[in-house]
file protein27.cif (mmCIF, C-alpha atoms and all ligand atoms)
data_input
loop_
_atom_site.label_atom_id
_atom_site.label_comp_id
_atom_site.auth_asym_id
_atom_site.auth_seq_id
_atom_site.Cartn_x
_atom_site.Cartn_y
_atom_site.Cartn_z
CA MET E 6 17.05 232.85 6.00
CA LYS E 7 16.13 229.20 6.24
CA THR E 8 17.95 226.60 4.19
CA SER E 9 15.67 224.55 1.94
CA VAL E 10 16.33 220.90 1.26
CA LEU E 11 14.31 218.88 -1.24
CA VAL E 12 13.54 215.49 0.31
CA THR E 13 12.44 212.87 -2.22
CA GLY E 14 10.66 209.95 -0.56
CA GLY E 15 10.23 212.03 2.59
CA ALA E 16 7.05 210.23 3.67
CA GLY E 17 8.83 206.87 3.92
CA TYR E 18 10.24 205.15 6.98
CA ILE E 19 13.67 206.80 7.03
CA GLY E 20 12.52 209.99 5.28
CA SER E 21 9.83 210.75 7.87
CA HIS E 22 12.28 210.40 10.76
CA THR E 23 14.73 212.57 8.87
CA LEU E 24 12.11 215.31 8.43
CA VAL E 25 11.81 215.51 12.22
CA GLU E 26 15.57 216.01 12.53
CA PHE E 27 15.69 218.60 9.73
CA LEU E 28 12.86 220.58 11.33
CA ALA E 29 14.57 220.41 14.73
CA ALA E 30 17.80 221.67 13.14
CA GLY E 31 15.99 224.67 11.58
CA TYR E 32 15.93 223.52 7.94
CA HIS E 33 13.00 223.97 5.57
CA PRO E 34 12.35 220.53 4.07
CA ILE E 35 10.25 220.27 0.89
CA VAL E 36 8.92 216.75 0.33
CA LEU E 37 8.26 215.01 -2.96
CA ASP E 38 6.67 211.57 -2.64
CA ASN E 39 4.41 209.51 -4.90
CA PHE E 40 3.15 207.55 -1.84
CA CYS E 41 3.74 204.20 -3.53
CA ASN E 42 4.98 202.90 -0.17
CA SER E 43 3.62 205.49 2.27
CA SER E 44 0.75 207.93 2.72
CA PRO E 45 0.18 211.65 3.33
CA GLY E 46 -0.96 210.73 6.87
CA VAL E 47 2.71 210.23 7.74
CA LEU E 48 3.39 213.90 7.04
CA ARG E 49 0.46 214.93 9.23
CA ARG E 50 2.03 212.89 12.05
CA VAL E 51 5.36 214.66 11.50
CA GLU E 52 3.56 218.00 11.69
CA ALA E 53 1.77 217.05 14.91
CA LEU E 54 5.00 215.78 16.43
CA THR E 55 7.10 218.83 15.57
CA GLY E 56 4.45 221.55 15.69
CA ARG E 57 5.69 222.70 12.27
CA SER E 58 4.03 222.57 8.88
CA VAL E 59 5.66 220.51 6.16
CA THR E 60 5.66 221.61 2.52
CA TRP E 61 4.94 218.61 0.31
CA ARG E 62 3.76 217.61 -3.14
CA GLU E 63 2.49 214.30 -4.39
CA GLY E 64 4.50 213.37 -7.45
CA ASP E 65 7.04 211.06 -8.97
CA VAL E 66 10.75 211.69 -9.01
CA ARG E 67 10.73 210.53 -12.66
CA ASP E 68 8.48 213.50 -13.53
CA ALA E 69 10.74 216.39 -14.58
CA SER E 70 7.92 218.95 -14.48
CA VAL E 71 7.09 218.38 -10.82
CA LEU E 72 10.77 218.66 -9.92
CA ASP E 73 11.14 221.91 -11.87
CA ALA E 74 8.06 223.28 -10.12
CA LEU E 75 9.42 222.45 -6.66
CA PHE E 76 12.80 224.04 -7.31
CA SER E 77 10.97 227.16 -8.63
CA LEU E 78 8.67 227.24 -5.62
CA ALA E 79 11.64 227.30 -3.23
CA ARG E 80 13.28 230.10 -5.23
CA GLU E 81 10.06 232.13 -5.25
CA GLN E 82 9.79 231.69 -1.48
CA GLY E 83 13.25 233.24 -1.15
CA ALA E 84 14.98 230.06 0.03
CA PRO E 85 16.34 228.18 -3.00
CA VAL E 86 17.05 224.48 -2.53
CA GLU E 87 20.64 224.10 -1.35
CA CYS E 88 20.76 220.32 -1.25
CA VAL E 89 18.64 217.36 -2.35
CA VAL E 90 18.23 214.38 -0.02
CA HIS E 91 17.24 211.48 -2.24
CA PHE E 92 15.37 208.66 -0.49
CA ALA E 93 12.77 207.89 -3.17
CA GLY E 94 13.10 204.40 -4.55
CA LEU E 95 12.12 200.78 -4.23
CA LYS E 96 13.91 198.69 -1.61
CA ALA E 97 12.80 195.04 -1.50
CA VAL E 98 15.64 192.71 -2.48
CA GLY E 99 13.40 189.75 -3.42
CA GLU E 100 11.07 191.91 -5.50
CA SER E 101 14.08 193.34 -7.33
CA VAL E 102 15.02 189.83 -8.47
CA ALA E 103 11.48 189.21 -9.76
CA LYS E 104 10.96 192.69 -11.30
CA PRO E 105 14.43 194.07 -12.07
CA LEU E 106 13.23 196.63 -14.62
CA ASP E 107 10.96 198.28 -12.05
CA TYR E 108 14.04 198.78 -9.90
CA TYR E 109 16.25 200.14 -12.69
CA ASP E 110 13.41 202.42 -13.77
CA ASN E 111 12.60 203.82 -10.34
CA ASN E 112 16.01 203.85 -8.71
CA VAL E 113 18.37 204.55 -11.62
CA TYR E 114 16.21 206.39 -14.16
CA GLY E 115 14.57 208.33 -11.28
CA SER E 116 18.01 209.49 -10.17
CA ILE E 117 18.90 210.59 -13.72
CA VAL E 118 15.73 212.70 -14.03
CA LEU E 119 16.45 214.20 -10.60
CA LEU E 120 20.05 215.12 -11.47
CA GLN E 121 18.92 216.68 -14.76
CA ALA E 122 16.40 218.82 -12.89
CA MET E 123 19.08 219.77 -10.37
CA GLU E 124 21.30 220.94 -13.24
CA ARG E 125 18.47 223.10 -14.64
CA ALA E 126 17.91 224.58 -11.18
CA GLN E 127 21.66 224.90 -10.54
CA VAL E 128 21.50 222.80 -7.39
CA ARG E 129 24.88 221.18 -6.89
CA ARG E 130 24.60 219.09 -3.73
CA ILE E 131 22.94 215.73 -3.16
CA VAL E 132 22.82 213.25 -0.29
CA PHE E 133 21.93 209.79 -1.59
CA SER E 134 20.39 206.80 0.22
CA SER E 135 22.79 204.05 -0.63
CA SER E 136 23.06 200.78 1.23
CA ALA E 137 25.53 198.37 2.79
CA THR E 138 24.20 195.93 0.22
CA VAL E 139 26.53 197.57 -2.36
CA TYR E 140 29.46 195.70 -0.78
CA GLY E 141 28.14 192.18 -1.40
CA GLU E 142 29.90 189.19 0.18
CA PRO E 143 32.38 190.59 2.74
CA ARG E 144 36.07 190.08 1.89
CA SER E 145 36.92 191.48 5.32
CA LEU E 146 34.95 192.89 8.25
CA PRO E 147 34.11 195.46 9.30
CA TYR E 148 33.34 196.92 5.91
CA THR E 149 35.28 200.10 5.25
CA GLU E 150 34.23 202.44 2.47
CA ASP E 151 37.08 201.20 0.23
CA HIS E 152 35.80 197.61 0.32
CA PRO E 153 35.08 196.57 -3.31
CA LEU E 154 31.50 197.04 -4.47
CA ALA E 155 30.03 193.73 -5.67
CA PRO E 156 26.29 193.73 -5.02
CA THR E 157 24.59 190.38 -5.42
CA ASN E 158 21.05 191.43 -6.45
CA PRO E 159 19.39 193.95 -8.79
CA TYR E 160 18.40 196.27 -5.91
CA GLY E 161 22.02 196.49 -4.77
CA ARG E 162 23.18 197.02 -8.34
CA THR E 163 20.83 200.01 -8.71
CA LYS E 164 22.46 201.57 -5.63
CA ALA E 165 25.99 200.91 -6.94
CA MET E 166 25.01 202.31 -10.36
CA VAL E 167 23.68 205.52 -8.87
CA GLU E 168 26.85 205.88 -6.78
CA ALA E 169 28.92 205.47 -9.99
CA MET E 170 26.72 207.98 -11.79
CA LEU E 171 27.15 210.48 -8.95
CA ALA E 172 30.94 210.10 -9.13
CA ASP E 173 30.81 210.94 -12.86
CA TRP E 174 28.40 213.81 -12.25
CA CYS E 175 30.74 215.32 -9.67
CA ALA E 176 33.79 214.80 -11.89
CA ALA E 177 32.11 216.76 -14.68
CA ASP E 178 31.82 219.97 -12.62
CA PRO E 179 34.22 220.95 -9.84
CA GLY E 180 31.40 222.67 -7.91
CA ARG E 181 29.31 219.54 -7.32
CA THR E 182 29.05 217.46 -4.15
CA ALA E 183 27.47 214.03 -3.64
CA VAL E 184 27.38 212.22 -0.30
CA ASN E 185 26.51 208.54 -0.55
CA LEU E 186 25.26 207.22 2.77
CA ARG E 187 25.63 203.46 3.02
CA TYR E 188 23.06 202.48 5.60
CA PHE E 189 23.38 199.31 7.60
CA ASN E 190 20.17 198.01 9.25
CA PRO E 191 17.88 200.78 10.55
CA ILE E 192 15.24 199.59 13.03
CA GLY E 193 13.03 201.05 15.74
CA ALA E 194 10.94 204.19 15.65
CA HIS E 195 10.80 207.75 16.90
CA ALA E 196 10.75 207.79 20.73
CA SER E 197 7.31 209.48 20.70
CA GLY E 198 5.64 206.40 19.17
CA GLN E 199 4.03 208.72 16.59
CA ILE E 200 6.01 207.65 13.52
CA GLY E 201 7.58 204.34 12.63
CA GLU E 202 7.87 201.62 10.02
CA SER E 203 4.62 200.48 8.42
CA PRO E 204 5.39 197.66 6.00
CA ARG E 205 2.68 196.61 3.56
CA GLY E 206 1.87 192.89 3.73
CA THR E 207 4.33 190.43 5.21
CA PRO E 208 7.47 192.21 6.44
CA ASN E 209 10.65 191.27 4.57
CA ASN E 210 12.89 192.43 7.39
CA LEU E 211 13.57 190.95 10.78
CA PHE E 212 12.61 193.73 13.17
CA PRO E 213 9.08 194.52 11.94
CA TYR E 214 8.46 190.78 11.81
CA ILE E 215 9.48 190.49 15.48
CA THR E 216 7.15 193.33 16.52
CA GLN E 217 4.25 191.81 14.56
CA VAL E 218 4.79 188.46 16.30
CA ALA E 219 4.95 190.25 19.67
CA ILE E 220 1.61 191.94 19.06
CA GLY E 221 -0.01 188.70 17.91
CA LYS E 222 -0.39 189.47 14.20
CA ARG E 223 1.92 186.59 13.32
CA GLU E 224 2.26 183.30 15.08
CA LYS E 225 6.04 182.99 15.22
CA LEU E 226 9.25 184.35 13.83
CA LEU E 227 10.91 182.26 11.15
CA VAL E 228 14.67 182.36 11.73
CA PHE E 229 16.52 181.87 8.46
CA GLY E 230 19.38 179.58 9.38
CA ASN E 231 21.27 178.71 12.58
CA ASP E 232 24.29 177.11 10.93
CA TYR E 233 26.22 180.23 9.95
CA PRO E 234 29.80 180.65 11.19
CA THR E 235 28.64 183.15 13.85
CA PRO E 236 28.67 182.78 17.65
CA ASP E 237 25.11 181.36 17.86
CA GLY E 238 24.79 180.27 14.21
CA THR E 239 22.25 182.96 13.24
CA GLY E 240 22.92 185.92 10.91
CA VAL E 241 24.68 188.96 12.32
CA ARG E 242 23.85 192.54 11.28
CA ASP E 243 24.68 196.08 12.36
CA TYR E 244 21.34 197.43 13.61
CA LEU E 245 21.06 201.15 14.18
CA HIS E 246 18.24 203.30 15.54
CA VAL E 247 16.34 205.02 12.74
CA SER E 248 16.56 208.36 14.60
CA ASP E 249 20.36 208.06 14.68
CA LEU E 250 20.28 207.33 10.96
CA ALA E 251 17.99 210.34 10.43
CA ASP E 252 20.44 212.57 12.29
CA GLY E 253 23.17 211.31 9.93
CA HIS E 254 21.35 213.09 7.08
CA VAL E 255 21.48 216.45 8.82
CA LYS E 256 25.20 215.89 9.39
CA ALA E 257 25.64 214.85 5.74
CA VAL E 258 23.90 217.99 4.43
CA GLU E 259 26.06 220.11 6.73
CA TYR E 260 29.13 218.30 5.40
CA ALA E 261 28.02 218.82 1.78
CA ARG E 262 27.64 222.54 2.49
CA ARG E 263 31.04 222.99 4.13
CA ALA E 264 33.36 220.39 2.54
CA ARG E 265 35.30 220.88 -0.65
CA PRO E 266 33.17 219.61 -3.56
CA GLY E 267 33.46 215.99 -4.64
CA CYS E 268 31.87 212.58 -4.29
CA PHE E 269 32.03 210.90 -0.87
CA ALA E 270 30.77 207.70 0.73
CA PHE E 271 30.11 207.03 4.40
CA ASN E 272 29.02 203.94 6.28
CA LEU E 273 26.22 204.68 8.72
CA GLY E 274 26.19 201.93 11.33
CA THR E 275 27.16 201.40 14.95
CA GLY E 276 30.18 199.20 14.29
CA ARG E 277 28.63 196.38 16.34
CA GLY E 278 27.06 193.16 15.13
CA THR E 279 23.98 191.54 16.71
CA SER E 280 22.66 188.10 15.81
CA VAL E 281 19.03 187.27 15.10
CA LEU E 282 18.66 185.43 18.41
CA GLU E 283 20.45 188.19 20.33
CA LEU E 284 17.98 190.70 18.90
CA VAL E 285 15.05 188.46 19.85
CA LYS E 286 16.38 188.14 23.42
CA ALA E 287 17.01 191.88 23.72
CA PHE E 288 13.48 192.56 22.46
CA GLU E 289 11.96 190.11 24.95
CA SER E 290 13.85 191.43 27.95
CA THR E 291 13.24 195.09 27.05
CA THR E 292 9.53 194.78 26.33
CA GLY E 293 8.48 191.82 28.48
CA ARG E 294 6.84 190.21 25.42
CA THR E 295 7.57 186.70 24.21
CA VAL E 296 8.62 186.08 20.62
CA PRO E 297 8.19 182.41 19.70
CA TYR E 298 10.39 181.34 16.82
CA GLU E 299 11.18 178.41 14.59
CA ILE E 300 14.49 177.74 12.88
CA LEU E 301 14.25 177.29 9.12
CA GLY E 302 16.93 176.91 6.44
CA ARG E 303 19.01 179.82 5.19
CA ARG E 304 17.36 182.55 3.09
CA PRO E 305 18.93 182.54 -0.38
CA GLY E 306 21.30 185.46 -0.94
CA ASP E 307 21.88 186.25 2.77
CA VAL E 308 25.41 186.82 4.01
CA ALA E 309 26.40 185.32 7.36
CA GLN E 310 27.47 188.53 8.99
CA MET E 311 28.16 192.17 8.30
CA TRP E 312 28.89 195.26 10.26
CA ALA E 313 30.25 198.71 9.56
CA ASP E 314 33.40 200.55 10.29
CA PRO E 315 31.71 203.93 10.92
CA SER E 316 34.91 205.80 11.75
CA ALA E 317 34.85 207.96 8.59
CA ALA E 318 31.35 209.20 9.45
CA ASN E 319 32.38 209.66 13.10
CA GLU E 320 35.37 211.78 12.16
CA LEU E 321 34.32 213.66 9.02
CA LEU E 322 30.57 214.04 9.49
CA GLY E 323 30.78 214.38 13.26
CA TRP E 324 28.09 211.69 13.46
CA ARG E 325 27.83 208.78 15.84
CA ALA E 326 25.02 206.31 16.50
CA SER E 327 24.27 206.80 20.18
CA ARG E 328 21.18 204.70 20.84
CA SER E 329 21.42 201.11 22.12
CA ILE E 330 19.75 197.91 20.94
CA GLU E 331 17.45 198.26 23.98
CA ASP E 332 16.45 201.78 22.85
CA MET E 333 15.70 200.40 19.38
CA CYS E 334 13.53 197.61 20.84
CA ARG E 335 11.71 199.87 23.31
CA ASP E 336 10.95 202.58 20.74
CA GLY E 337 10.03 200.07 18.01
CA TRP E 338 7.65 198.32 20.39
CA ARG E 339 6.08 201.61 21.50
CA TRP E 340 5.31 202.42 17.85
CA GLN E 341 3.94 198.92 17.14
CA SER E 342 1.83 198.70 20.30
CA GLN E 343 0.38 202.21 19.91
CA ASN E 344 -0.25 201.70 16.18
CA PRO E 345 -1.06 198.00 15.78
CA ASP E 346 -2.00 198.45 12.14
CA GLY E 347 0.66 201.03 11.30
CA TYR E 348 -0.58 204.14 9.48
CA VAL E 349 -4.25 203.50 8.80
P1 LIG E 401 10.32 203.54 2.18
O1 LIG E 401 9.74 202.68 1.12
O2 LIG E 401 9.65 203.60 3.50
O3 LIG E 401 10.47 205.05 1.66
C1 LIG E 401 10.67 205.37 0.30
C2 LIG E 401 9.69 206.48 -0.04
O4 LIG E 401 9.90 206.85 -1.41
C3 LIG E 401 8.24 206.05 0.11
O5 LIG E 401 7.53 207.06 0.79
C4 LIG E 401 7.76 205.93 -1.33
O6 LIG E 401 6.38 206.22 -1.45
C5 LIG E 401 8.64 206.93 -2.05
N1 LIG E 401 8.89 206.67 -3.48
C6 LIG E 401 9.27 205.50 -4.05
N2 LIG E 401 9.43 205.67 -5.36
C7 LIG E 401 9.17 206.96 -5.63
C8 LIG E 401 9.17 207.75 -6.81
N3 LIG E 401 9.47 207.22 -7.99
N4 LIG E 401 8.84 209.05 -6.71
C9 LIG E 401 8.52 209.61 -5.52
N5 LIG E 401 8.50 208.91 -4.38
C10 LIG E 401 8.83 207.61 -4.42
O7 LIG E 401 11.86 203.10 2.37
P2 LIG E 401 12.92 203.52 3.47
O8 LIG E 401 13.19 202.34 4.31
O9 LIG E 401 12.52 204.78 4.10
O10 LIG E 401 14.19 203.73 2.55
C11 LIG E 401 14.53 205.00 2.02
C12 LIG E 401 15.73 204.83 1.11
O11 LIG E 401 16.79 204.22 1.84
C13 LIG E 401 15.48 203.94 -0.11
O12 LIG E 401 16.17 204.49 -1.21
C14 LIG E 401 16.10 202.62 0.30
O13 LIG E 401 16.54 201.89 -0.81
C15 LIG E 401 17.27 203.08 1.16
N6 LIG E 401 17.72 202.08 2.14
C16 LIG E 401 16.83 201.58 3.06
C17 LIG E 401 17.27 200.63 3.98
C18 LIG E 401 16.34 200.05 5.01
O14 LIG E 401 16.72 199.06 5.66
N7 LIG E 401 15.15 200.59 5.23
C19 LIG E 401 18.61 200.18 3.98
C20 LIG E 401 19.47 200.73 3.02
C21 LIG E 401 19.02 201.68 2.12
N1 LIG E 402 15.81 187.20 9.17
C1 LIG E 402 15.16 186.14 9.75
N2 LIG E 402 13.80 186.10 9.65
C2 LIG E 402 13.07 187.06 9.00
C3 LIG E 402 13.76 188.14 8.41
C4 LIG E 402 15.14 188.17 8.51
O1 LIG E 402 15.78 185.25 10.34
O2 LIG E 402 11.83 186.95 8.94
C5 LIG E 402 17.28 187.29 9.32
C6 LIG E 402 18.03 187.34 8.00
O3 LIG E 402 18.30 186.04 7.55
C7 LIG E 402 19.29 188.13 8.40
C8 LIG E 402 18.77 189.08 9.48
O4 LIG E 402 17.57 188.52 9.96
O5 LIG E 402 20.25 187.27 8.99
C9 LIG E 402 18.48 190.49 8.96
O6 LIG E 402 17.61 190.40 7.84
P1 LIG E 402 16.84 191.68 7.24
O7 LIG E 402 16.00 191.20 6.13
O8 LIG E 402 16.18 192.42 8.36
O9 LIG E 402 18.03 192.60 6.75
P2 LIG E 402 19.14 192.36 5.61
O10 LIG E 402 20.46 192.61 6.25
O11 LIG E 402 18.94 191.09 4.92
O12 LIG E 402 18.81 193.52 4.56
C10 LIG E 402 18.47 194.85 4.95
C11 LIG E 402 17.65 195.49 3.84
C12 LIG E 402 18.51 195.65 2.60
C13 LIG E 402 19.73 196.46 2.98
C14 LIG E 402 20.49 195.78 4.10
C15 LIG E 402 21.67 196.60 4.53
O13 LIG E 402 16.53 194.67 3.53
O14 LIG E 402 17.80 196.36 1.63
O15 LIG E 402 19.62 195.60 5.22
O16 LIG E 402 21.27 197.89 4.82
F1 LIG E 402 20.54 196.53 1.91
#

call {"tool": "encode", "arguments": {"input": "protein27.cif", "output": "structure tokens"}}
result
Amino acid sequence: MKTSVLVTGGAGYIGSHTLVEFLAAGYHPIVLDNFCNSSPGVLRRVEALTGRSVTWREGDVRDASVLDALFSLAREQGAPVECVVHFAGLKAVGESVAKPLDYYDNNVYGSIVLLQAMERAQVRRIVFSSSATVYGEPRSLPYTEDHPLAPTNPYGRTKAMVEAMLADWCAADPGRTAVNLRYFNPIGAHASGQIGESPRGTPNNLFPYITQVAIGKREKLLVFGNDYPTPDGTGVRDYLHVSDLADGHVKAVEYARRARPGCFAFNLGTGRGTSVLELVKAFESTTGRTVPYEILGRRPGDVAQMWADPSAANELLGWRASRSIEDMCRDGWRWQSQNPDGYV
């Protein structure tokens, strides 16, 4: 019998890549997405890529009735949901400062409604999309999971709040398991070029901005600061291939199914830092495209550098990021060049 997983936000950037990995691993993913930052066309691409059909419903994670219906559907099909993988949420740091209540509503209240529905359906395992942003200003690097949580913006606080809520939820019932995955910086796209990141409007993040400059949609990259205490003065991050991150979710669900119950957190990163200018150079040499750039002042709220200690995920989840920066650039460029306007 197949194992069903409910995937909230499964049509998004990370969710869509994760569907591919779940299907390859023999799981039956059931997607709930309100398409506020994606479209059903993404799921058709996943189907074409995998040769498998994807069960999905359009709906909001804050809508208890749609959640109840999906848990019932899985039961009626003979494969009750064993684990929820919860991607659905808003993710733009700057927007969270301007519209904090939207973030608390979607990310925190949405998680409450989801957990309540899980209780009704007696589903006791969840894998949650947390973020390295929960750590805030690094006291020491690399970040280990016991680094204090001190997020510096409303988005990060929603992630830390949900993590705290999941700890309480697990403590209230010895049969419950929550796995908080603290992602570092996912970039790139599936190696097929069929699915990738499709930001609406001006990209907030570095990598999609680079690919849009390379394809001529934007004139030049704006580099936010070259006076950080880093080797070349530009910000350093732990970039990981989105397909490696996707695979981490399969490993996390397997862990949730086999480990003793409880609440766990894992860093998902490579353990290596790359600066903005190093990423630009790697992109140029891998793709043969030129990325003109201009140095501006620092972006408010940015930390100079951050990277993960992924050893807990390596050892306990049996997960390791295997793809290189060159793989990330090559695959991200394949997606951008084959789909200049993203999913349209
Ligand atoms: P995304 O915006 O591409 O995907 C999120 C998906 O959730 C979208 O398809 C969106 O339509 C859907 N969604 C949003 N609110 C919803 C709701 N209320 N009900 C149903 N569906 C809803 O983002 P992503 O990059 O794939 O990120 C997925 C998760 O990972 C998010 O929770 C994000 O905060 C977290 N995360 C992302 C990054 C990153 O760099 N991309 C880093 C750390 C954490
Ligand atoms: N940067 C530029 N120019 C740009 C965009 C970014 O120079 O146009 C620089 C930033 O200053 C930073 C680096 O590129 O030094 C990476 O910036 P991103 O915006 O790509 O990534 P962040 O690390 O700032 O944040 C991202 C997500 C957060 C998440 C965090 C950790 O946006 O939501 O990774 O996972 F929490």

call {"tool": "residues_near_point", "arguments": {"input": "protein27.cif", "point": "(15.4, 226.0, 12.7)", "cutoff": "12 Å", "atoms": "only C-alpha atoms", "output": "list of chain:residue names"}}
result
E:Met6, E:Lys7, E:Thr8, E:Ser9, E:Leu24, E:Val25, E:Glu26, E:Phe27, E:Leu28, E:Ala29, E:Ala30, E:Gly31, E:Tyr32, E:His33, E:Pro34, E:Thr55, E:Arg57, E:Val255

call {"tool": "closest_atom_pairs", "arguments": {"input": "protein27.cif", "of": "chain E", "to": "ligand LIG 402 (chain E)", "cutoff": "7 Å", "atoms": "only C-alpha atoms and all ligand atoms", "output": "Markdown table"}}
result
| residue | atom | partner | partner_atom | distance |
| --- | --- | --- | --- | --- |
| E:Lys96 | CA | E:LIG402 | O14 | 5.6 |
| E:Ala97 | CA | E:LIG402 | O14 | 6.0 |
| E:Val98 | CA | E:LIG402 | O14 | 5.9 |
| E:Ser136 | CA | E:LIG402 | O16 | 4.9 |
| E:Ala137 | CA | E:LIG402 | C15 | 4.6 |
| E:Thr138 | CA | E:LIG402 | F1 | 4.1 |
| E:Gly161 | CA | E:LIG402 | F1 | 6.8 |
| E:Tyr188 | CA | E:LIG402 | O16 | 5.0 |
| E:Phe189 | CA | E:LIG402 | O16 | 3.8 |
| E:Asn190 | CA | E:LIG402 | O16 | 4.6 |
| E:Asn209 | CA | E:LIG402 | O7 | 5.6 |
| E:Asn210 | CA | E:LIG402 | O8 | 3.4 |
| E:Leu211 | CA | E:LIG402 | C3 | 3.7 |
| E:Phe212 | CA | E:LIG402 | O8 | 6.1 |
| E:Tyr214 | CA | E:LIG402 | O2 | 5.9 |
| E:Leu226 | CA | E:LIG402 | O2 | 6.1 |
| E:Leu227 | CA | E:LIG402 | N2 | 5.0 |
| E:Val228 | CA | E:LIG402 | O1 | 3.4 |
| E:Phe229 | CA | E:LIG402 | O1 | 3.9 |
| E:Gly230 | CA | E:LIG402 | O1 | 6.8 |
| E:Thr239 | CA | E:LIG402 | O5 | 6.4 |
| E:Gly240 | CA | E:LIG402 | O5 | 3.6 |
| E:Val241 | CA | E:LIG402 | O5 | 5.8 |
| E:Arg242 | CA | E:LIG402 | O10 | 6.1 |
| E:Val281 | CA | E:LIG402 | O4 | 5.5 |
| E:Arg303 | CA | E:LIG402 | O3 | 6.7 |
| E:Arg304 | CA | E:LIG402 | O3 | 5.7 |
| E:Asp307 | CA | E:LIG402 | O3 | 6.0 |
| E:Ala309 | CA | E:LIG402 | O5 | 6.7 |

call {"tool": "residues_around", "arguments": {"input": "protein27.cif", "residues": "Glu331 in chain E", "least_positions_apart": "5", "cutoff": "9 Å", "atoms": "all atoms listed in the file", "output": "PyMOL selection string"}}
result
chain E and resi 287-288+290-292+336

call {"tool": "residues_near_ligand", "arguments": {"input": "protein27.cif", "ligand": "ligand LIG 401 (chain E)", "cutoff": "7 Å", "atoms": "all atoms listed in the file", "output": "PyMOL selection string"}}
result
chain E and resi 13-20+37-43+64-67+92-96+111+115+134-137+187-191

call {"tool": "atom_distance", "arguments": {"input": "protein27.cif", "atom1": "CA of Glu259 in chain E", "atom2": "CA of Thr60 in chain E"}}
result
20.9 Å

call {"tool": "closest_residue", "arguments": {"input": "protein27.cif", "among": "E:Thr216, E:Ser316, E:Ser145, E:Ser101", "to": "Met333 in chain E", "atoms": "all atoms listed in the file"}}
result
E:Thr216

call {"tool": "atom_distance", "arguments": {"input": "protein27.cif", "atom1": "CA of Val118 in chain E", "atom2": "CA of Pro85 in chain E"}}
result
19.0 Å

call {"tool": "closest_residue", "arguments": {"input": "protein27.cif", "among": "E:Thr149, E:Pro179, E:Arg205, E:His195", "to": "Leu273 in chain E", "atoms": "all atoms listed in the file"}}
result
E:Thr149

call {"tool": "atom_distance", "arguments": {"input": "protein27.cif", "atom1": "CA of Tyr109 in chain E", "atom2": "CA of Gln121 in chain E"}}
result
16.9 Å

call {"tool": "closest_residue", "arguments": {"input": "protein27.cif", "among": "E:Ala126, E:Ile215, E:Leu11, E:Ala261", "to": "Trp338 in chain E", "atoms": "all atoms listed in the file"}}
result
E:Ile215

call {"tool": "residues_around", "arguments": {"input": "protein27.cif", "residues": "Ser327 in chain E", "least_positions_apart": "2", "cutoff": "8 Å", "atoms": "all atoms listed in the file", "output": "PDB file with C-alpha atoms, in the coordinates of the input"}}
result
ATOM      1  CA  ASP E 249      20.360 208.060  14.680  1.00  0.00           C
ATOM      2  CA  ARG E 325      27.830 208.780  15.840  1.00  0.00           C
ATOM      3  CA  SER E 329      21.420 201.110  22.120  1.00  0.00           C
TER       4      SER E 329
END

call {"tool": "closest_residue", "arguments": {"input": "protein27.cif", "among": "E:Arg262, E:Arg129, E:Lys256, E:His152", "to": "Leu321 in chain E", "atoms": "only C-alpha atoms"}}
result
E:Lys256

call {"tool": "closest_residue", "arguments": {"input": "protein27.cif", "among": "E:Ala172, E:Glu100, E:Asn112, E:Val128", "to": "Ala79 in chain E", "atoms": "all atoms listed in the file"}}
result
E:Val128

call {"tool": "residues_around", "arguments": {"input": "protein27.cif", "residues": "Leu154 in chain E", "least_positions_apart": "4", "cutoff": "8 Å", "atoms": "all atoms listed in the file", "output": "list in words"}}
result
Val139, Tyr140, Gly141 and Ala165 of chain E

call {"tool": "closest_residue", "arguments": {"input": "protein27.cif", "among": "E:Leu250, E:Ala326, E:Gly278, E:Lys225", "to": "Leu301 in chain E", "atoms": "only C-alpha atoms"}}
result
E:Lys225

call {"tool": "residues_around", "arguments": {"input": "protein27.cif", "residues": "Gly198 in chain E", "least_positions_apart": "4", "cutoff": "8 Å", "atoms": "only C-alpha atoms", "output": "list in words"}}
result
Ala194, Asp336, Gly337, Arg339, Trp340, Gln341 and Gln343 of chain E

call {"tool": "build_atoms", "arguments": {"input": "protein27.cif", "residues": "range 180-184 of chain E", "atoms": "N, CA, C and O atoms", "output": "PDB file, in the coordinates of the input"}}
result
ATOM      1  N   GLY E 180      32.196 222.066  -8.983  1.00  0.00           N
ATOM      2  CA  GLY E 180      31.400 222.670  -7.910  1.00  0.00           C
ATOM      3  C   GLY E 180      30.388 221.705  -7.296  1.00  0.00           C
ATOM      4  O   GLY E 180      29.632 222.089  -6.417  1.00  0.00           O
ATOM      5  N   ARG E 181      30.379 220.449  -7.765  1.00  0.00           N
ATOM      6  CA  ARG E 181      29.310 219.540  -7.320  1.00  0.00           C
ATOM      7  C   ARG E 181      29.754 218.650  -6.154  1.00  0.00           C
ATOM      8  O   ARG E 181      30.905 218.224  -6.103  1.00  0.00           O
ATOM      9  N   THR E 182      28.781 218.344  -5.290  1.00  0.00           N
ATOM     10  CA  THR E 182      29.050 217.460  -4.150  1.00  0.00           C
ATOM     11  C   THR E 182      27.965 216.391  -4.058  1.00  0.00           C
ATOM     12  O   THR E 182      26.772 216.707  -4.107  1.00  0.00           O
ATOM     13  N   ALA E 183      28.398 215.134  -3.903  1.00  0.00           N
ATOM     14  CA  ALA E 183      27.470 214.030  -3.640  1.00  0.00           C
ATOM     15  C   ALA E 183      27.962 213.277  -2.411  1.00  0.00           C
ATOM     16  O   ALA E 183      29.156 212.987  -2.293  1.00  0.00           O
ATOM     17  N   VAL E 184      27.038 212.996  -1.504  1.00  0.00           N
ATOM     18  CA  VAL E 184      27.380 212.220  -0.300  1.00  0.00           C
ATOM     19  C   VAL E 184      26.532 210.954  -0.331  1.00  0.00           C
ATOM     20  O   VAL E 184      25.304 211.007  -0.207  1.00  0.00           O
TER      21      VAL E 184
END
